[in-house]
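Report on the following structure.
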Amino acid sequence: MTELTPLLQRADRAVSGVPLPADGIEGVRRRRDRKRRNQRIEAGVVGIAIFLAAVSIVAVEVGSDRTSTPIAPPTYVAPEPPVVPRIGLVGLAPEGMSPSLPMSGELVVSFFFGHTMGDPGRFHVNVYEDGRMIWLRLGDASLGRSSTGWIEQRLTSEGVEAMRAVVLATGLFEADAQFASGHGLFFGDIGVRDGGRFVRVTWGDIGGDEPATIPTVEQANALNGLDARFADPASWLPAGAWRDPEMRPFVPSRYSVCLGAESATIELAESLAPLPPQAQDVLRAQGMRRYEYTNLVGTFNYWCASFTTDDVRALARALDGGDHRQRREDVFGLAYTFDGGSVPEVWLNIEPTLPDKV
Amino acid sequence: MVGMEEPAVVVASSEGSLQIPLTFEEFFEAQRGRLFRALLLVTHDAAQAEDLMQESFVRVWERWDRLGRPSEDPVGYLFRTAMNVHRSARRRAVVAARNVVRPTPRPDPFDDVVARDEVTRSLARLAPRQRAAVVVMDLLGYTSQEASEILGIRAGTVRTLTSQARATLLAGREPTDD
């Protein structure tokens with residue numbers, strides 16, 4: 001039950017005046033039967049198609065000189081990315097692991113590619129001037145794949161330049177651009193440094209209103225092709241592009257700790273109140289800063305501080321000693337929720353800080 | 001005949017526990033109103049809500065042998081499927097919009113509700129993902145973690161979407177006497 005539940009219940013009552021579909025279970029039964037019939041037909045069509053394809057291959061091989069002109073370029077179908085097991089860390093870095101150095105790094109390419117409308121398969125890659133390539137692919141249960149976690153590989157300066165060049169070669173990064181989803185694109189955000197500028201191309205719903213411009217097939221194919229390149233750089237980068245191609249866990253040198261509530265605005269004291277006293281002390285000592293997130297529809301705030309790995313471990317111990325509603329370790333770090341006092345729920349996230357955010 | 005040998009299930013619902021043992025037909029009758037109303041609020045289109053509801057129930061029916069087991073959660077599966085199908089439909093709609101001439105719209109009974117009810121009008125102003133998040137959490141009563149599984153997005157994203165949606169809805173609320 002939230003403060004909005006009565007409003008939604010009112011809307012629910014209002015829409016209860018819309019009559020239910022008249023055909024009820026019979027409509028579902030007809031749809032199921034139609035689906036089964038179509039599946040049988042499709043199975044037959046596939047068999048015929050395979051037969052015809054085999055015949056046409058034979059025809060080409062015997063020397064047919066017929067030519068055809070395609071009406072439109074086909075939508076790009078990306079190859080399946082290589083299967084990479086979970087190499088990255090889950091939760092906090094274990095004691096004794098050396099953090100990735102240098103602590104901070106300058107971004108040359110940032111790459112964020114959604115492969116569904118949600119999180120499954122989402123792919124992030126950051127390429128830094130110092131040669132680090134830090135990347136993550138989220139799991140997709142429908143493909144039986146787990147998240148890779150944050151992985152680090154090292155490029156030479158030649159490799160960094162090759163990754164930058166392949167982005168610029170698409171011709172899409174002359175200026176910032178925003179597209180709607182379409183032609184196999186769901187949502188994403190690619191940025192590349194070009195001289196003194198950092199040019200970004202985004203598409204789909206990435207937090208604000210979805211733009212109206214649908215990419216052309218060629219533009220979508222270029223972005224999807226880039227995704228295939230980034231998914232498997234070992235297949236096209238020259239040997240000299242790698243300083244260390246081995247995939248290792250990215251070990252952060254710092255973590256961001258943020259907490260807030262689902263309500264629009266919350267003061268620090270309110271957000272700290274449900275936490276164990278020792279954790280409150282640790283957080284206050286770090287000097288939590290207020291951040292605001294503003295979008296087209298409203299503003300809400302949360303509180304954050306940057307922690308060293310040692311400090312964040314101490315915080316986690318203090319949090320684990322108290323009463324939390326939920327604790328979750330994943331490739332994004334550690335997340336807790338607490339029963340709020342003045343608010344329904346307080347959340348606290350501990351996430352690795354990537355080198356461009358240090 | 002489906003349902004003659006259905007195993008027993010206990011289905012927790014905000015509308016109360018359902019009778020056991022449960023056949024698919026009973027499950028359909030128990031859930032179709034709730035699902036249809038939720039989909040109306042998410043899609044704002046009665047024809048689309050009907051289409052999504054039918055497809056979701058077909059998918060549940062195809063898996064009823066497994067979903068009917070006591071350890072399974074057919075209600076959660078139904079709503080998760082509905083939201084998945086909704087996302088896929090949105091994708092197809094965006095792609096199809098380039099090439100398809102829109103038919104003349106038929107009268108939608110939902111339009112009458114929107115004309116009368118201020119809350120449903122406010123919901124129309126939300127982005128589709130915000131609307132789905134707020135319906136799943138604030139109306140259907142799922143937690144942010146459960147909503148994240150139903151909507152296929154991170155719990156943090158659910159929280160962000162619902163915060164945005166709540167800010168919009170509460171800010172735009174006209175004075176009422178209830």
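Ordering of the structure tokens sets the chain letters (A, B, ...), residue numbers begin anew at 1 in every chain, and ligands are numbered from 1 in the order given.
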Using only C-alpha atoms, what does the table of chain B residues within 7 Å of chain A look like, with each row giving the shortest atom pair and its distance in Å to one decimal, sorted by chain and ascending number, as JSON lines?
```
{"residue": "B:Gly33", "atom": "CA", "partner": "A:Leu20", "partner_atom": "CA", "distance": 7.0}
{"residue": "B:Arg37", "atom": "CA", "partner": "A:Val15", "partner_atom": "CA", "distance": 6.2}
{"residue": "B:Glu50", "atom": "CA", "partner": "A:Pro21", "partner_atom": "CA", "distance": 6.6}
{"residue": "B:Gln54", "atom": "CA", "partner": "A:Val28", "partner_atom": "CA", "distance": 5.4}
{"residue": "B:Phe57", "atom": "CA", "partner": "A:Val28", "partner_atom": "CA", "distance": 6.8}
{"residue": "B:Val58", "atom": "CA", "partner": "A:Arg32", "partner_atom": "CA", "distance": 5.7}
{"residue": "B:Arg87", "atom": "CA", "partner": "A:Met117", "partner_atom": "CA", "distance": 6.6}
{"residue": "B:Val94", "atom": "CA", "partner": "A:Gly182", "partner_atom": "CA", "distance": 6.0}
{"residue": "B:Val95", "atom": "CA", "partner": "A:Gly182", "partner_atom": "CA", "distance": 5.0}
{"residue": "B:Pro109", "atom": "CA", "partner": "A:Val18", "partner_atom": "CA", "distance": 6.0}
{"residue": "B:Phe110", "atom": "CA", "partner": "A:Val18", "partner_atom": "CA", "distance": 6.3}
{"residue": "B:Val113", "atom": "CA", "partner": "A:Val15", "partner_atom": "CA", "distance": 6.3}
{"residue": "B:Asp117", "atom": "CA", "partner": "A:Ala14", "partner_atom": "CA", "distance": 6.8}
{"residue": "B:Val119", "atom": "CA", "partner": "A:Ala11", "partner_atom": "CA", "distance": 5.8}
{"residue": "B:Thr120", "atom": "CA", "partner": "A:Ala11", "partner_atom": "CA", "distance": 5.8}
{"residue": "B:Ala127", "atom": "CA", "partner": "A:Asp209", "partner_atom": "CA", "distance": 6.9}
{"residue": "B:Asp138", "atom": "CA", "partner": "A:Thr5", "partner_atom": "CA", "distance": 4.9}
{"residue": "B:Leu139", "atom": "CA", "partner": "A:Leu8", "partner_atom": "CA", "distance": 5.5}
{"residue": "B:Gly141", "atom": "CA", "partner": "A:Met1", "partner_atom": "CA", "distance": 6.6}
{"residue": "B:Gly152", "atom": "CA", "partner": "A:Gly118", "partner_atom": "CA", "distance": 5.1}
{"residue": "B:Ile153", "atom": "CA", "partner": "A:Gly118", "partner_atom": "CA", "distance": 4.9}
{"residue": "B:Arg154", "atom": "CA", "partner": "A:Asp119", "partner_atom": "CA", "distance": 6.7}
{"residue": "B:Arg159", "atom": "CA", "partner": "A:Glu262", "partner_atom": "CA", "distance": 6.3}
{"residue": "B:Ser163", "atom": "CA", "partner": "A:Glu262", "partner_atom": "CA", "distance": 5.6}
{"residue": "B:Gln164", "atom": "CA", "partner": "A:Gly298", "partner_atom": "CA", "distance": 6.0}
{"residue": "B:Arg166", "atom": "CA", "partner": "A:Leu4", "partner_atom": "CA", "distance": 6.9}
{"residue": "B:Ala167", "atom": "CA", "partner": "A:Gly298", "partner_atom": "CA", "distance": 5.7}
{"residue": "B:Thr168", "atom": "CA", "partner": "A:Val297", "partner_atom": "CA", "distance": 5.6}
```
Based on the backbone DSSP call, show me all residues of segment 76-209 of chain A assigned strand (DSSP E), as JSON, numbers by chain. {"A": [107, 108, 109, 110, 111, 112, 113, 114, 123, 124, 125, 126, 127, 128, 132, 133, 134, 135, 136, 137, 151, 152, 153, 154, 155, 177, 178, 179, 187, 188, 189, 190, 191, 192, 193, 194, 197, 198, 199, 200, 201, 202, 203]}
List every residue of segment 66-250 of chain A that DSSP, applied to the backbone of this structure, places in alpha helix (DSSP H), and write the result as a VMD selection string. chain A and resid 157 to 168 217 to 231
Would you export the selected residues with N, CA and C atoms as a PDB file, in the first residue's frame, please?
```
ATOM      1  N   SER A 157      47.716   1.903 -27.051  1.00  0.00           N
ATOM      2  CA  SER A 157      47.151   3.146 -27.591  1.00  0.00           C
ATOM      3  C   SER A 157      46.617   2.902 -28.998  1.00  0.00           C
ATOM      4  N   GLU A 158      47.242   1.978 -29.730  1.00  0.00           N
ATOM      5  CA  GLU A 158      46.743   1.616 -31.062  1.00  0.00           C
ATOM      6  C   GLU A 158      45.348   0.973 -30.954  1.00  0.00           C
ATOM      7  N   GLY A 159      45.191   0.141 -29.950  1.00  0.00           N
ATOM      8  CA  GLY A 159      43.896  -0.510 -29.739  1.00  0.00           C
ATOM      9  C   GLY A 159      42.815   0.488 -29.368  1.00  0.00           C
ATOM     10  N   VAL A 160      43.171   1.453 -28.498  1.00  0.00           N
ATOM     11  CA  VAL A 160      42.199   2.485 -28.117  1.00  0.00           C
ATOM     12  C   VAL A 160      41.769   3.258 -29.355  1.00  0.00           C
ATOM     13  N   GLU A 161      42.762   3.606 -30.191  1.00  0.00           N
ATOM     14  CA  GLU A 161      42.449   4.375 -31.397  1.00  0.00           C
ATOM     15  C   GLU A 161      41.575   3.562 -32.354  1.00  0.00           C
ATOM     16  N   ALA A 162      41.828   2.243 -32.423  1.00  0.00           N
ATOM     17  CA  ALA A 162      41.019   1.390 -33.307  1.00  0.00           C
ATOM     18  C   ALA A 162      39.569   1.337 -32.826  1.00  0.00           C
ATOM     19  N   MET A 163      39.361   1.269 -31.516  1.00  0.00           N
ATOM     20  CA  MET A 163      37.991   1.243 -30.974  1.00  0.00           C
ATOM     21  C   MET A 163      37.282   2.574 -31.252  1.00  0.00           C
ATOM     22  N   ARG A 164      38.029   3.663 -31.110  1.00  0.00           N
ATOM     23  CA  ARG A 164      37.457   4.993 -31.385  1.00  0.00           C
ATOM     24  C   ARG A 164      37.119   5.116 -32.870  1.00  0.00           C
ATOM     25  N   ALA A 165      38.052   4.655 -33.709  1.00  0.00           N
ATOM     26  CA  ALA A 165      37.886   4.813 -35.159  1.00  0.00           C
ATOM     27  C   ALA A 165      36.690   4.023 -35.674  1.00  0.00           C
ATOM     28  N   VAL A 166      36.472   2.852 -35.106  1.00  0.00           N
ATOM     29  CA  VAL A 166      35.366   2.028 -35.610  1.00  0.00           C
ATOM     30  C   VAL A 166      34.014   2.681 -35.293  1.00  0.00           C
ATOM     31  N   VAL A 167      33.961   3.431 -34.203  1.00  0.00           N
ATOM     32  CA  VAL A 167      32.736   4.168 -33.881  1.00  0.00           C
ATOM     33  C   VAL A 167      32.556   5.320 -34.871  1.00  0.00           C
ATOM     34  N   LEU A 168      33.625   6.099 -35.067  1.00  0.00           N
ATOM     35  CA  LEU A 168      33.533   7.257 -35.955  1.00  0.00           C
ATOM     36  C   LEU A 168      33.253   6.837 -37.400  1.00  0.00           C
ATOM     37  N   VAL A 217      17.025   2.193 -41.778  1.00  0.00           N
ATOM     38  CA  VAL A 217      17.584   0.842 -41.689  1.00  0.00           C
ATOM     39  C   VAL A 217      19.112   0.908 -41.693  1.00  0.00           C
ATOM     40  N   GLU A 218      19.657   1.804 -42.514  1.00  0.00           N
ATOM     41  CA  GLU A 218      21.120   1.908 -42.593  1.00  0.00           C
ATOM     42  C   GLU A 218      21.713   2.370 -41.259  1.00  0.00           C
ATOM     43  N   GLN A 219      21.069   3.373 -40.632  1.00  0.00           N
ATOM     44  CA  GLN A 219      21.578   3.864 -39.335  1.00  0.00           C
ATOM     45  C   GLN A 219      21.485   2.767 -38.271  1.00  0.00           C
ATOM     46  N   ALA A 220      20.344   2.065 -38.252  1.00  0.00           N
ATOM     47  CA  ALA A 220      20.190   0.986 -37.268  1.00  0.00           C
ATOM     48  C   ALA A 220      21.203  -0.121 -37.530  1.00  0.00           C
ATOM     49  N   ASN A 221      21.413  -0.427 -38.794  1.00  0.00           N
ATOM     50  CA  ASN A 221      22.395  -1.471 -39.124  1.00  0.00           C
ATOM     51  C   ASN A 221      23.792  -1.062 -38.676  1.00  0.00           C
ATOM     52  N   ALA A 222      24.108   0.239 -38.837  1.00  0.00           N
ATOM     53  CA  ALA A 222      25.443   0.714 -38.432  1.00  0.00           C
ATOM     54  C   ALA A 222      25.619   0.563 -36.924  1.00  0.00           C
ATOM     55  N   LEU A 223      24.585   0.908 -36.152  1.00  0.00           N
ATOM     56  CA  LEU A 223      24.695   0.793 -34.690  1.00  0.00           C
ATOM     57  C   LEU A 223      24.737  -0.671 -34.265  1.00  0.00           C
ATOM     58  N   ASN A 224      23.896  -1.499 -34.897  1.00  0.00           N
ATOM     59  CA  ASN A 224      23.926  -2.928 -34.566  1.00  0.00           C
ATOM     60  C   ASN A 224      25.264  -3.562 -34.951  1.00  0.00           C
ATOM     61  N   GLY A 225      25.818  -3.100 -36.077  1.00  0.00           N
ATOM     62  CA  GLY A 225      27.125  -3.620 -36.491  1.00  0.00           C
ATOM     63  C   GLY A 225      28.214  -3.249 -35.497  1.00  0.00           C
ATOM     64  N   LEU A 226      28.083  -2.041 -34.949  1.00  0.00           N
ATOM     65  CA  LEU A 226      29.034  -1.592 -33.929  1.00  0.00           C
ATOM     66  C   LEU A 226      28.931  -2.471 -32.680  1.00  0.00           C
ATOM     67  N   ASP A 227      27.703  -2.819 -32.364  1.00  0.00           N
ATOM     68  CA  ASP A 227      27.473  -3.693 -31.213  1.00  0.00           C
ATOM     69  C   ASP A 227      28.190  -5.036 -31.419  1.00  0.00           C
ATOM     70  N   ALA A 228      28.096  -5.567 -32.643  1.00  0.00           N
ATOM     71  CA  ALA A 228      28.753  -6.849 -32.931  1.00  0.00           C
ATOM     72  C   ALA A 228      30.279  -6.707 -32.817  1.00  0.00           C
ATOM     73  N   ARG A 229      30.803  -5.564 -33.259  1.00  0.00           N
ATOM     74  CA  ARG A 229      32.254  -5.331 -33.149  1.00  0.00           C
ATOM     75  C   ARG A 229      32.688  -5.267 -31.689  1.00  0.00           C
ATOM     76  N   PHE A 230      31.918  -4.510 -30.894  1.00  0.00           N
ATOM     77  CA  PHE A 230      32.294  -4.356 -29.492  1.00  0.00           C
ATOM     78  C   PHE A 230      32.114  -5.663 -28.719  1.00  0.00           C
ATOM     79  N   ALA A 231      31.177  -6.486 -29.184  1.00  0.00           N
ATOM     80  CA  ALA A 231      30.931  -7.747 -28.484  1.00  0.00           C
ATOM     81  C   ALA A 231      32.104  -8.706 -28.647  1.00  0.00           C
TER      82      ALA A 231
END
```
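Using only C-alpha atoms, the smallest distance between any of A:Leu89, A:Glu26, A:Asp140, A:Asp320 and Gly333 of chain A comes from A:Leu89.
As for atom CA of Asn301 of chain A and atom CA of Ile266 of chain A, they are spaced 6.7 Å apart.
Residues within 9 Å of Gln145 of chain B, counting only C-alpha atoms and excluding same-chain residues fewer than 6 positions away, are Arg154, Ala155, Gly156 and Val158 of chain B.
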